[in-house]
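Dropping model07.csv in here (CSV, C-alpha atoms):
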chain,number,residue,atom,x,y,z
A,1,MET,CA,-4.1,9.2,-11.2
A,2,ARG,CA,-2.6,10.3,-7.9
A,3,GLY,CA,1.2,10.5,-7.5
A,4,ASP,CA,3.2,7.7,-6.2
A,5,PRO,CA,6.6,9.1,-5.0
A,6,THR,CA,9.6,6.9,-5.3
A,7,ARG,CA,12.2,6.4,-2.7
A,8,THR,CA,15.0,8.9,-3.1
A,9,VAL,CA,18.7,8.8,-3.2
A,10,LEU,CA,19.8,12.3,-2.1
A,11,VAL,CA,23.1,13.4,-3.6
A,12,VAL,CA,24.7,16.1,-1.5
A,13,SER,CA,27.3,17.8,-3.6
A,14,ASP,CA,28.5,21.3,-4.4
A,15,GLN,CA,28.6,20.3,-8.1
A,16,PRO,CA,25.8,18.5,-10.0
A,17,HIS,CA,28.0,16.0,-11.8
A,18,PRO,CA,27.7,13.2,-9.2
A,19,TRP,CA,24.0,13.7,-9.3
A,20,ALA,CA,24.0,13.3,-13.1
A,21,LEU,CA,26.0,10.1,-12.9
A,22,LEU,CA,23.7,8.5,-10.3
A,23,ARG,CA,20.6,9.7,-12.2
A,24,ASP,CA,21.8,8.0,-15.3
A,25,ARG,CA,22.9,4.8,-13.5
A,26,VAL,CA,20.5,4.4,-10.7
A,27,SER,CA,17.3,6.2,-11.5
A,28,GLY,CA,14.3,4.1,-12.4
A,29,GLU,CA,11.2,2.6,-10.9
A,30,LEU,CA,13.1,1.6,-7.7
A,31,ALA,CA,14.6,4.9,-6.9
A,32,SER,CA,14.8,8.5,-8.1
A,33,VAL,CA,17.8,10.7,-7.5
A,34,ALA,CA,17.6,14.2,-6.1
A,35,TRP,CA,20.4,16.7,-5.7
A,36,ALA,CA,21.1,19.3,-3.0
A,37,ARG,CA,24.0,21.5,-2.5
A,38,PRO,CA,25.2,21.3,1.2
A,39,GLY,CA,23.4,24.6,2.0
A,40,GLN,CA,20.1,23.3,0.4
A,41,VAL,CA,19.8,20.1,2.4
A,42,PRO,CA,17.2,21.3,4.8
A,43,ARG,CA,14.9,22.6,2.1
A,44,VAL,CA,15.3,19.5,-0.2
A,45,VAL,CA,14.8,17.0,2.7
A,46,ALA,CA,11.7,18.9,3.8
A,47,ALA,CA,10.2,18.2,0.4
A,48,LEU,CA,10.9,14.4,0.6
A,49,HIS,CA,8.3,12.1,2.1
A,50,PRO,CA,9.2,10.3,4.3
A,51,GLY,CA,12.9,11.3,3.9
A,52,PRO,CA,16.0,10.2,2.0
A,53,TRP,CA,16.4,6.4,1.4
A,54,VAL,CA,20.1,6.9,0.9
A,55,VAL,CA,22.3,9.9,1.2
A,56,ALA,CA,25.3,9.9,-1.1
A,57,SER,CA,28.0,12.6,-1.0
A,58,GLY,CA,31.7,13.3,-1.4
A,59,GLU,CA,31.7,16.5,0.7
A,60,PRO,CA,34.3,16.4,3.5
A,61,ALA,CA,32.1,18.7,5.7
A,62,LEU,CA,28.4,19.6,5.9
A,63,PRO,CA,27.0,22.7,7.5
A,64,ARG,CA,25.3,22.3,10.8
A,65,PRO,CA,21.7,22.8,9.5
A,66,ALA,CA,22.2,20.0,7.1
A,67,LEU,CA,23.5,17.7,9.8
A,68,GLU,CA,20.6,18.6,12.1
A,69,VAL,CA,17.9,17.9,9.5
A,70,LEU,CA,19.6,14.6,8.4
A,71,ALA,CA,19.8,13.5,12.1
A,72,ARG,CA,16.0,13.3,12.2
A,73,TRP,CA,16.1,10.3,9.8
A,74,LEU,CA,17.6,6.9,9.6
A,75,PHE,CA,19.2,6.4,6.2
A,76,ALA,CA,22.0,4.5,4.6
A,77,ALA,CA,24.9,6.9,3.8
A,78,HIS,CA,27.5,6.4,1.1
A,79,TRP,CA,30.5,8.7,0.8
A,80,VAL,CA,33.3,9.1,-1.7
A,81,GLY,CA,36.4,9.9,0.3
A,82,GLU,CA,36.6,11.1,3.8
A,83,PRO,CA,33.1,11.4,5.3
A,84,ALA,CA,31.8,14.6,6.8
A,85,PRO,CA,32.1,14.6,10.6
A,86,GLY,CA,28.9,14.9,12.7
A,87,LEU,CA,26.7,12.5,10.6
A,88,SER,CA,24.2,10.5,12.6
A,89,VAL,CA,25.1,7.4,10.7
A,90,ARG,CA,28.5,6.1,9.7
A,91,PRO,CA,28.7,6.1,5.9
A,92,VAL,CA,30.0,3.3,3.7
A,93,VAL,CA,33.2,4.8,2.1
A,94,HIS,CA,33.9,4.4,-1.6
A,95,GLU,CA,36.9,5.3,-3.8
A,96,SER,CA,34.9,6.7,-6.6
A,97,TRP,CA,31.3,7.7,-7.7
A,98,GLY,CA,31.3,4.8,-10.1
A,99,GLU,CA,32.0,2.4,-7.2
A,100,LEU,CA,29.3,4.1,-5.2
A,101,ALA,CA,26.8,3.7,-8.0
A,102,GLU,CA,27.6,0.0,-8.3
A,103,ALA,CA,27.0,-0.4,-4.5
A,104,LEU,CA,23.6,1.3,-4.8
A,105,LEU,CA,22.6,-0.9,-7.7
A,106,ARG,CA,23.4,-4.0,-5.6
A,107,GLN,CA,21.4,-2.7,-2.7
A,108,LEU,CA,18.4,-1.9,-5.0
A,109,ALA,CA,18.4,-5.6,-6.1
A,110,VAL,CA,18.9,-7.1,-2.6
A,111,ARG,CA,16.5,-9.8,-1.6
A,112,VAL,CA,16.5,-10.8,2.1
A,113,GLY,CA,14.3,-13.6,3.4
A,114,GLY,CA,12.3,-13.4,0.1
A,115,VAL,CA,11.6,-9.7,0.7
A,116,ARG,CA,12.7,-7.1,-1.8
A,117,LEU,CA,12.2,-3.4,-2.6
A,118,ALA,CA,9.0,-2.7,-4.4
A,119,PRO,CA,9.0,-0.3,-7.3
A,120,GLY,CA,8.1,3.2,-6.1
A,121,ARG,CA,8.0,2.5,-2.4
A,122,GLY,CA,7.4,-0.3,0.0
A,123,LEU,CA,8.4,-4.0,0.0
A,124,VAL,CA,7.4,-7.0,-2.0
A,125,LEU,CA,6.9,-9.9,0.3
A,126,PRO,CA,7.7,-13.6,-0.4
A,127,ASP,CA,4.0,-14.2,-1.5
A,128,GLY,CA,4.2,-11.3,-4.0
A,129,SER,CA,2.0,-9.0,-2.0
A,130,VAL,CA,3.3,-5.4,-1.3
A,131,ILE,CA,3.4,-3.5,1.9
A,132,THR,CA,3.8,0.3,2.0
A,133,HIS,CA,4.8,2.5,4.9
A,134,ALA,CA,7.8,0.4,5.7
A,135,SER,CA,10.5,3.0,5.1
A,136,LEU,CA,12.8,1.9,7.9
A,137,LEU,CA,12.8,-1.6,6.6
A,138,GLU,CA,13.6,-0.2,3.1
A,139,GLU,CA,16.5,1.6,4.6
A,140,LEU,CA,17.7,-1.5,6.4
A,141,LEU,CA,17.6,-3.4,3.2
A,142,ALA,CA,19.8,-0.7,1.7
A,143,ALA,CA,22.3,-1.4,4.4
A,144,TYR,CA,22.0,-5.2,4.4
A,145,PRO,CA,23.9,-7.3,5.6
A,146,ASP,CA,26.1,-4.9,7.7
A,147,GLY,CA,23.3,-2.7,9.0
A,148,LEU,CA,23.6,0.9,10.0
A,149,GLU,CA,26.0,2.2,12.5
A,150,VAL,CA,24.0,4.9,14.3
A,151,ALA,CA,25.7,7.6,16.4
A,152,SER,CA,22.4,8.5,18.1
A,153,ALA,CA,18.8,7.3,17.7
A,154,GLY,CA,16.3,10.0,18.4
A,155,PRO,CA,12.7,9.4,19.4
A,156,ARG,CA,11.5,9.3,15.8
A,157,VAL,CA,14.0,6.6,14.9
A,158,ARG,CA,13.2,4.6,18.0
A,159,ALA,CA,9.5,4.7,17.2
A,160,ALA,CA,10.3,3.7,13.6
A,161,LEU,CA,12.3,0.7,14.9
A,162,ARG,CA,9.3,-0.4,17.0
A,163,ARG,CA,7.0,-0.1,14.0
A,164,ALA,CA,9.4,-2.0,11.8
A,165,ALA,CA,9.5,-4.9,14.3
A,166,LEU,CA,5.7,-4.9,14.4
A,167,THR,CA,5.4,-5.0,10.6
A,168,LEU,CA,7.7,-8.0,10.4
A,169,GLU,CA,5.7,-9.8,13.1
A,170,ARG,CA,2.3,-8.9,11.6
A,171,HIS,CA,3.3,-10.3,8.2
A,172,HIS,CA,5.1,-13.4,9.6
A,173,LEU,CA,8.2,-12.5,7.8
A,174,PRO,CA,11.4,-14.5,8.4
A,175,LEU,CA,13.3,-11.3,9.4
A,176,LYS,CA,14.1,-9.5,12.6
A,177,VAL,CA,15.3,-6.0,13.4
A,178,LEU,CA,18.4,-6.0,15.5
A,179,SER,CA,19.2,-2.9,17.5
A,180,GLU,CA,22.3,-3.1,19.6
A,181,GLU,CA,25.4,-1.2,20.5
A,182,GLY,CA,24.8,1.6,18.0
A,183,ARG,CA,24.0,-0.7,15.2
A,184,VAL,CA,20.7,-1.3,13.6
A,185,ALA,CA,20.2,-4.2,11.1
A,186,VAL,CA,17.8,-6.6,9.6
A,187,VAL,CA,18.7,-10.3,9.9
A,188,VAL,CA,17.1,-13.4,8.5
A,189,THR,CA,15.6,-15.7,11.1
A,190,GLY,CA,14.2,-18.5,8.8
A,191,PRO,CA,13.7,-19.5,5.2
A,192,GLY,CA,12.0,-16.9,3.0
B,1,MET,CA,4.7,27.8,-22.4
B,2,SER,CA,6.5,31.0,-23.5
B,3,ARG,CA,3.8,31.4,-26.2
B,4,VAL,CA,1.0,31.7,-23.6
B,5,PRO,CA,0.0,35.3,-23.2
B,6,PRO,CA,1.3,36.5,-19.8
B,7,ALA,CA,-2.3,37.3,-18.6
B,8,GLU,CA,-3.3,33.6,-19.1
B,9,ARG,CA,-0.2,32.1,-17.4
B,10,ALA,CA,-1.8,30.6,-14.3
B,11,ALA,CA,1.2,28.3,-13.6
B,12,GLY,CA,4.9,28.2,-14.3
B,13,VAL,CA,6.9,25.3,-15.9
B,14,ASP,CA,7.8,23.9,-12.5
B,15,GLU,CA,4.2,23.8,-11.3
B,16,VAL,CA,3.1,22.1,-14.5
B,17,LEU,CA,5.8,19.4,-14.1
B,18,ARG,CA,4.9,18.9,-10.4
B,19,HIS,CA,1.3,18.6,-11.3
B,20,LEU,CA,2.2,16.0,-14.0
B,21,ARG,CA,4.2,14.1,-11.4
B,22,ARG,CA,1.5,14.1,-8.9
B,23,ARG,CA,-1.5,13.5,-11.1
B,24,HIS,CA,-0.4,11.9,-14.3
B,25,LEU,CA,2.3,9.5,-13.2
B,26,ASN,CA,2.6,7.7,-16.6
B,27,CYS,CA,3.1,10.9,-18.6
B,28,ILE,CA,6.6,11.2,-20.0
B,29,PRO,CA,7.3,15.0,-20.1
B,30,LEU,CA,9.7,16.0,-22.8
B,31,VAL,CA,11.0,19.4,-21.8
B,32,TYR,CA,11.8,21.5,-24.8
B,33,SER,CA,13.7,24.5,-23.7
B,34,ALA,CA,16.8,26.6,-24.2
B,35,LYS,CA,17.6,26.1,-20.6
B,36,VAL,CA,18.2,22.4,-20.4
B,37,GLU,CA,21.6,22.1,-21.9
B,38,THR,CA,23.8,22.0,-18.8
B,39,ILE,CA,23.6,19.6,-15.9
B,40,ASP,CA,22.8,22.6,-13.7
B,41,ASP,CA,19.8,23.4,-15.8
B,42,GLN,CA,18.6,19.8,-15.9
B,43,ALA,CA,19.0,19.4,-12.2
B,44,ARG,CA,16.6,22.3,-11.6
B,45,VAL,CA,14.0,20.9,-13.9
B,46,TYR,CA,14.5,17.4,-12.5
B,47,ALA,CA,13.7,18.6,-9.0
B,48,ALA,CA,10.2,19.2,-10.3
B,49,HIS,CA,9.9,16.0,-12.2
B,50,PRO,CA,12.5,13.3,-11.8
B,51,HIS,CA,11.5,11.3,-14.9
B,52,CYS,CA,11.4,14.0,-17.6
B,53,LEU,CA,13.3,13.9,-20.8
B,54,PHE,CA,15.1,16.9,-22.3
B,55,GLN,CA,15.3,18.4,-25.7
B,56,SER,CA,17.3,21.5,-26.3
B,57,LYS,CA,15.6,24.3,-28.2
B,58,ARG,CA,19.0,25.1,-29.8
B,59,HIS,CA,18.6,22.0,-32.0
B,60,GLY,CA,15.3,23.3,-33.4
B,61,LEU,CA,11.8,22.2,-33.9
B,62,ASP,CA,12.6,19.6,-36.4
B,63,ARG,CA,14.7,17.7,-33.9
B,64,LEU,CA,11.9,17.9,-31.4
B,65,VAL,CA,9.4,16.5,-33.9
B,66,GLU,CA,11.9,13.7,-34.7
B,67,ARG,CA,12.4,12.9,-31.0
B,68,VAL,CA,8.6,12.7,-30.4
B,69,GLY,CA,8.3,10.7,-33.6
B,70,LEU,CA,10.9,8.2,-32.3
B,71,LEU,CA,9.0,7.9,-29.0
B,72,LEU,CA,5.7,7.2,-30.9
B,73,THR,CA,7.2,4.6,-33.3
B,74,ALA,CA,9.0,2.6,-30.6
B,75,ARG,CA,10.2,-0.8,-31.5
B,76,VAL,CA,10.6,-3.4,-28.8
B,77,GLY,CA,11.5,-6.9,-29.8
B,78,ASP,CA,9.0,-7.9,-32.5
B,79,LEU,CA,6.6,-5.1,-31.6
B,80,THR,CA,6.4,-1.6,-33.0
B,81,ILE,CA,4.0,1.3,-32.8
B,82,ARG,CA,2.5,2.2,-36.1
B,83,ASP,CA,-0.3,4.7,-36.7
B,84,GLY,CA,-1.0,4.8,-33.0
B,85,VAL,CA,-1.5,1.1,-32.4
B,86,VAL,CA,0.9,-1.7,-31.4
B,87,VAL,CA,1.8,-4.0,-34.3
B,88,HIS,CA,3.1,-7.5,-33.8
B,89,LEU,CA,5.5,-7.6,-36.8
B,90,PRO,CA,5.6,-11.3,-37.5
B,91,SER,CA,1.9,-11.6,-37.7
B,92,GLY,CA,1.0,-8.1,-38.7
B,93,GLU,CA,-1.8,-8.0,-36.2
B,94,ALA,CA,-2.5,-4.9,-34.1
B,95,ALA,CA,-3.3,-4.3,-30.4
B,96,THR,CA,-5.2,-1.0,-30.2
B,97,HIS,CA,-5.5,-0.4,-26.5
B,98,ARG,CA,-3.8,2.8,-25.3
B,99,VAL,CA,-2.1,0.9,-22.4
B,100,ALA,CA,-0.3,-1.3,-25.0
B,101,VAL,CA,0.9,1.8,-26.8
B,102,SER,CA,1.9,3.4,-23.5
B,103,LEU,CA,3.9,0.3,-22.4
B,104,LEU,CA,6.0,0.4,-25.6
B,105,ALA,CA,6.5,4.2,-25.4
B,106,ALA,CA,7.5,3.9,-21.8
B,107,GLN,CA,10.0,1.2,-22.7
B,108,LEU,CA,11.8,3.5,-25.0
B,109,ALA,CA,12.0,6.1,-22.2
B,110,ASN,CA,13.3,3.3,-19.9
B,111,ARG,CA,10.2,3.7,-17.7
B,112,SER,CA,7.7,1.4,-16.1
B,113,LEU,CA,4.0,2.3,-16.0
B,114,VAL,CA,1.9,2.5,-12.8
B,115,LEU,CA,-1.4,0.9,-13.7
B,116,ARG,CA,-4.6,0.5,-11.6
B,117,ASP,CA,-7.9,-1.2,-12.1
B,118,SER,CA,-9.1,-1.3,-15.7
B,119,ASP,CA,-5.7,-0.3,-17.0
B,120,ALA,CA,-4.0,-3.1,-15.2
B,121,ARG,CA,-6.6,-5.5,-16.6
B,122,ALA,CA,-5.8,-4.1,-20.1
B,123,ALA,CA,-2.1,-4.8,-19.5
B,124,ARG,CA,-3.0,-8.4,-18.6
B,125,ARG,CA,-5.1,-8.8,-21.7
B,126,PHE,CA,-2.2,-7.4,-23.7
B,127,ALA,CA,0.0,-10.0,-22.1
B,128,GLY,CA,-2.3,-12.7,-23.2
B,129,TRP,CA,-2.5,-11.2,-26.7
B,130,LEU,CA,1.3,-11.3,-26.9
B,131,ARG,CA,1.4,-14.9,-25.6
B,132,GLU,CA,-1.1,-16.1,-28.2
B,133,ARG,CA,1.0,-14.7,-30.9
B,134,GLY,CA,4.2,-16.2,-29.6
B,135,SER,CA,5.8,-12.7,-29.2
B,136,ALA,CA,9.3,-12.4,-28.0
B,137,VAL,CA,8.1,-9.7,-25.6
B,138,GLN,CA,6.1,-10.1,-22.5
B,139,VAL,CA,4.4,-7.8,-20.0
B,140,ARG,CA,6.1,-8.0,-16.6
B,141,ALA,CA,4.4,-7.1,-13.3
B,142,LEU,CA,7.2,-5.6,-11.1
B,143,GLY,CA,5.0,-5.3,-8.1
B,144,ASN,CA,3.3,-2.3,-6.5
B,145,ARG,CA,1.2,-1.7,-9.7
B,146,HIS,CA,4.4,-1.2,-11.8
B,147,TYR,CA,4.5,-2.8,-15.2
B,148,ARG,CA,6.9,-2.9,-18.1
B,149,LEU,CA,7.8,-4.9,-21.1
B,150,ALA,CA,10.5,-7.5,-21.1
B,151,ARG,CA,12.1,-9.8,-23.6
B,152,ASP,CA,11.0,-13.4,-23.4
B,153,GLU,CA,14.4,-14.5,-21.9
B,154,GLY,CA,13.4,-12.8,-18.7
B,155,GLU,CA,15.2,-9.5,-18.5
B,156,PRO,CA,13.4,-6.2,-19.2
B,157,GLU,CA,14.6,-4.2,-22.1
B,158,GLY,CA,17.4,-2.0,-20.9
B,159,GLU,CA,17.3,-2.7,-17.2
B,160,ALA,CA,17.2,-5.7,-14.9
B,161,ALA,CA,14.3,-6.1,-12.6
B,162,ALA,CA,12.7,-8.9,-10.6
B,163,GLY,CA,9.0,-9.5,-11.2
B,164,ASP,CA,6.4,-11.9,-12.5
B,165,ALA,CA,5.4,-12.2,-16.1
B,166,TRP,CA,2.0,-13.4,-17.1
Turn the structure described in the file into structure tokens.
Amino acid sequence: MRGDPTRTVLVVSDQPHPWALLRDRVSGELASVAWARPGQVPRVVAALHPGPWVVASGEPALPRPALEVLARWLFAAHWVGEPAPGLSVRPVVHESWGELAEALLRQLAVRVGGVRLAPGRGLVLPDGSVITHASLLEELLAAYPDGLEVASAGPRVRAALRRAALTLERHHLPLKVLSEEGRVAVVVTGPG
Amino acid sequence: MSRVPPAERAAGVDEVLRHLRRRHLNCIPLVYSAKVETIDDQARVYAAHPHCLFQSKRHGLDRLVERVGLLLTARVGDLTIRDGVVVHLPSGEAATHRVAVSLLAAQLANRSLVLRDSDARAARRFAGWLRERGSAVQVRALGNRHYRLARDEGEPEGEAAAGDAW
């Protein structure tokens, strides 16, 4: 049987304890949890396909190579304490790792317009069918309903946004991708 | 793996775990090692296989055997594994398909199984078998070929998930 990688919550932390907490609380068929020290981010992200679904951290600063590699992807970011400057998305800030874990569990269970995260990767549609290769939509579900505040959207992100809009259209889903004034979100346009 | 003669060691532990993750998705690796006691140690192994279980060598071989034994005698609701088959305790009847056994063992490890083709059909037959016997356990399709057991009330054992039961 060929592998079926699961979407990844990437914990960026100098110490492994936050990773262990999220692994115990969040890890399952909907997400796996990986750990990288700040200096290891480029190597760890390079091994992820297609990239992190969520980045969780409590680091007040990240080295430039980490920021550069993360800027290639659109992801939901969750931070404990003051977020690191220079991130390409604005993180959701939490007071504790426990609170952050709770937020992730809520996002894993989110259902928007009848669409939810499929185990492993992809989305389960209202009719029960599954589509894969919808990573941007998975990330927008992780940020529902507020969406992602994006400092800069590179060509890869813009292309992913176009693909996501086409996917919604092709499957006649009651959802729409909104991209305006530095914010990207998925909104419901009709009954699911 | 430390018992394999150096000349015959074609792959390291990490490579074996990565191979299991890629090619044998439903395998539950139990890593028996002296180097899995700290979170740091576990993080390194987990990078190669994010669903492995750990058993410290410090606790000895007996504890390993006990741990494996527990996985292979899993009890979920009114089902248990006995002599390599799934037994419905109220009726005493047995389901012998390996997928049924895997579903129970996976439940104890808090995992779902990824099943395709004939294995997915076997899971559906097992679901029917449970229904016919009025079992308190059902097979739940989580979507995307993932399956796990759930109590009849609707929630999977140990973890909530949305899915369709047969």
Contacts between chain A and chain B, please, where a residue of chain B counts if it comes within 10 Å (with only C-alpha atoms); show its shortest atom pair and distance in Å to one decimal, rows by chain and ascending number, as a tab-separated table.
residue	atom	partner	partner_atom	distance
B:Arg18	CA	A:Gly3	CA	9.6
B:His19	CA	A:Gly3	CA	8.9
B:Leu20	CA	A:Gly3	CA	8.6
B:Arg21	CA	A:Gly3	CA	6.1
B:Arg22	CA	A:Gly3	CA	3.9
B:Arg23	CA	A:Arg2	CA	4.7
B:His24	CA	A:Met1	CA	5.5
B:Leu25	CA	A:Gly3	CA	5.9
B:Asn26	CA	A:Met1	CA	8.7
B:Thr38	CA	A:Pro16	CA	9.7
B:Ile39	CA	A:Pro16	CA	6.4
B:Asp40	CA	A:Pro16	CA	6.3
B:Asp41	CA	A:Pro16	CA	9.7
B:Gln42	CA	A:Ala20	CA	8.9
B:Ala43	CA	A:Trp35	CA	7.2
B:Arg44	CA	A:Trp35	CA	9.0
B:Tyr46	CA	A:Ala34	CA	7.8
B:Ala47	CA	A:Ala34	CA	6.6
B:Ala48	CA	A:Ala34	CA	9.9
B:His49	CA	A:Ser32	CA	9.9
B:Pro50	CA	A:Ser32	CA	6.5
B:His51	CA	A:Ser32	CA	8.1
B:Asn110	CA	A:Gly28	CA	7.6
B:Arg111	CA	A:Gly28	CA	6.7
B:Ser112	CA	A:Glu29	CA	6.4
B:Leu113	CA	A:Glu29	CA	8.8
B:Val114	CA	A:Asp4	CA	8.5
B:Leu115	CA	A:Met1	CA	9.1
B:Arg116	CA	A:Met1	CA	8.7
B:Leu142	CA	A:Pro119	CA	6.8
B:Gly143	CA	A:Ala118	CA	6.0
B:Asn144	CA	A:Val130	CA	6.1
B:Arg145	CA	A:Pro119	CA	8.3
B:His146	CA	A:Pro119	CA	6.5
B:Tyr147	CA	A:Pro119	CA	9.4
B:Glu159	CA	A:Gly28	CA	8.8
B:Ala160	CA	A:Ala109	CA	8.9
B:Ala161	CA	A:Ala109	CA	7.7
B:Ala162	CA	A:Ala109	CA	8.0
B:Gly163	CA	A:Gly128	CA	8.8
B:Asp164	CA	A:Gly128	CA	8.8
What gap, in Å, lies between CA of Val187 in chain A and CA of Ala142 in chain A?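 A separation of 12.7 Å between them.
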Taking all atoms listed in the file into account, name the residue in B:Asp152, B:Arg121, B:Thr73, B:Phe126 that is nearest to Ala95 in chain B.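 Nearest candidate to Ala95 in chain B out of B:Asp152, B:Arg121, B:Thr73, B:Phe126: B:Phe126.
All residues of protein, DNA or RNA that reach within 9 Å of Gly154 in chain A, judged by all atoms listed in the file and not counting those fewer than 5 positions away in the chain, are A:Ala71, A:Arg72, A:Trp73, A:Ala159.
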Determine, counting all atoms listed in the file, every residue of protein, DNA or RNA that lies within 9 Å of (13.8, -1.5, 17.2) in the file coordinates, then give the result as a ChimeraX atom specification. /A:157-165,177-180,184
Residue neighbourhood Leu104 in chain A, 12 Å, only C-alpha atoms, exclusion window fewer than 3 positions, as a PyMOL selection string: chain A and resi 8-10+22-23+25-27+30-33+53-56+76-79+92+94+97-101+107-110+139+141-144
For a test of reading the model, state the distance in Å between CA of Val13 in chain B and CA of Val11 in chain A, rounded to one decimal. 23.6 Å
For Val31 in chain B, the nearest of the candidates B:Leu64, B:Arg98, B:Thr80, B:Ala109, counting all atoms listed in the file: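 Result for the nearest residue to Val31 in chain B: B:Leu64.
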Leaving out His59 in chain B and any residue of its chain fewer than 6 positions from it, which residues lie within 10 Å of it when counting only C-alpha atoms, given as a ChimeraX atom specification? /B:32-34
Using only C-alpha atoms, determine which residues lie at most 9 Å from Gly128 in chain B, disregarding the query and same-chain residues fewer than 3 positions distant; provide the list as a PyMOL selection string. chain B and resi 123-125+131-133+138-139+166
Between B:Ala136, B:Val68, B:Ala150, B:Ala120, single out the one closest to Leu104 in chain B, counting only C-alpha atoms.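 Of B:Ala136, B:Val68, B:Ala150, B:Ala120, the one nearest Leu104 in chain B, counting only C-alpha atoms, is B:Ala150.
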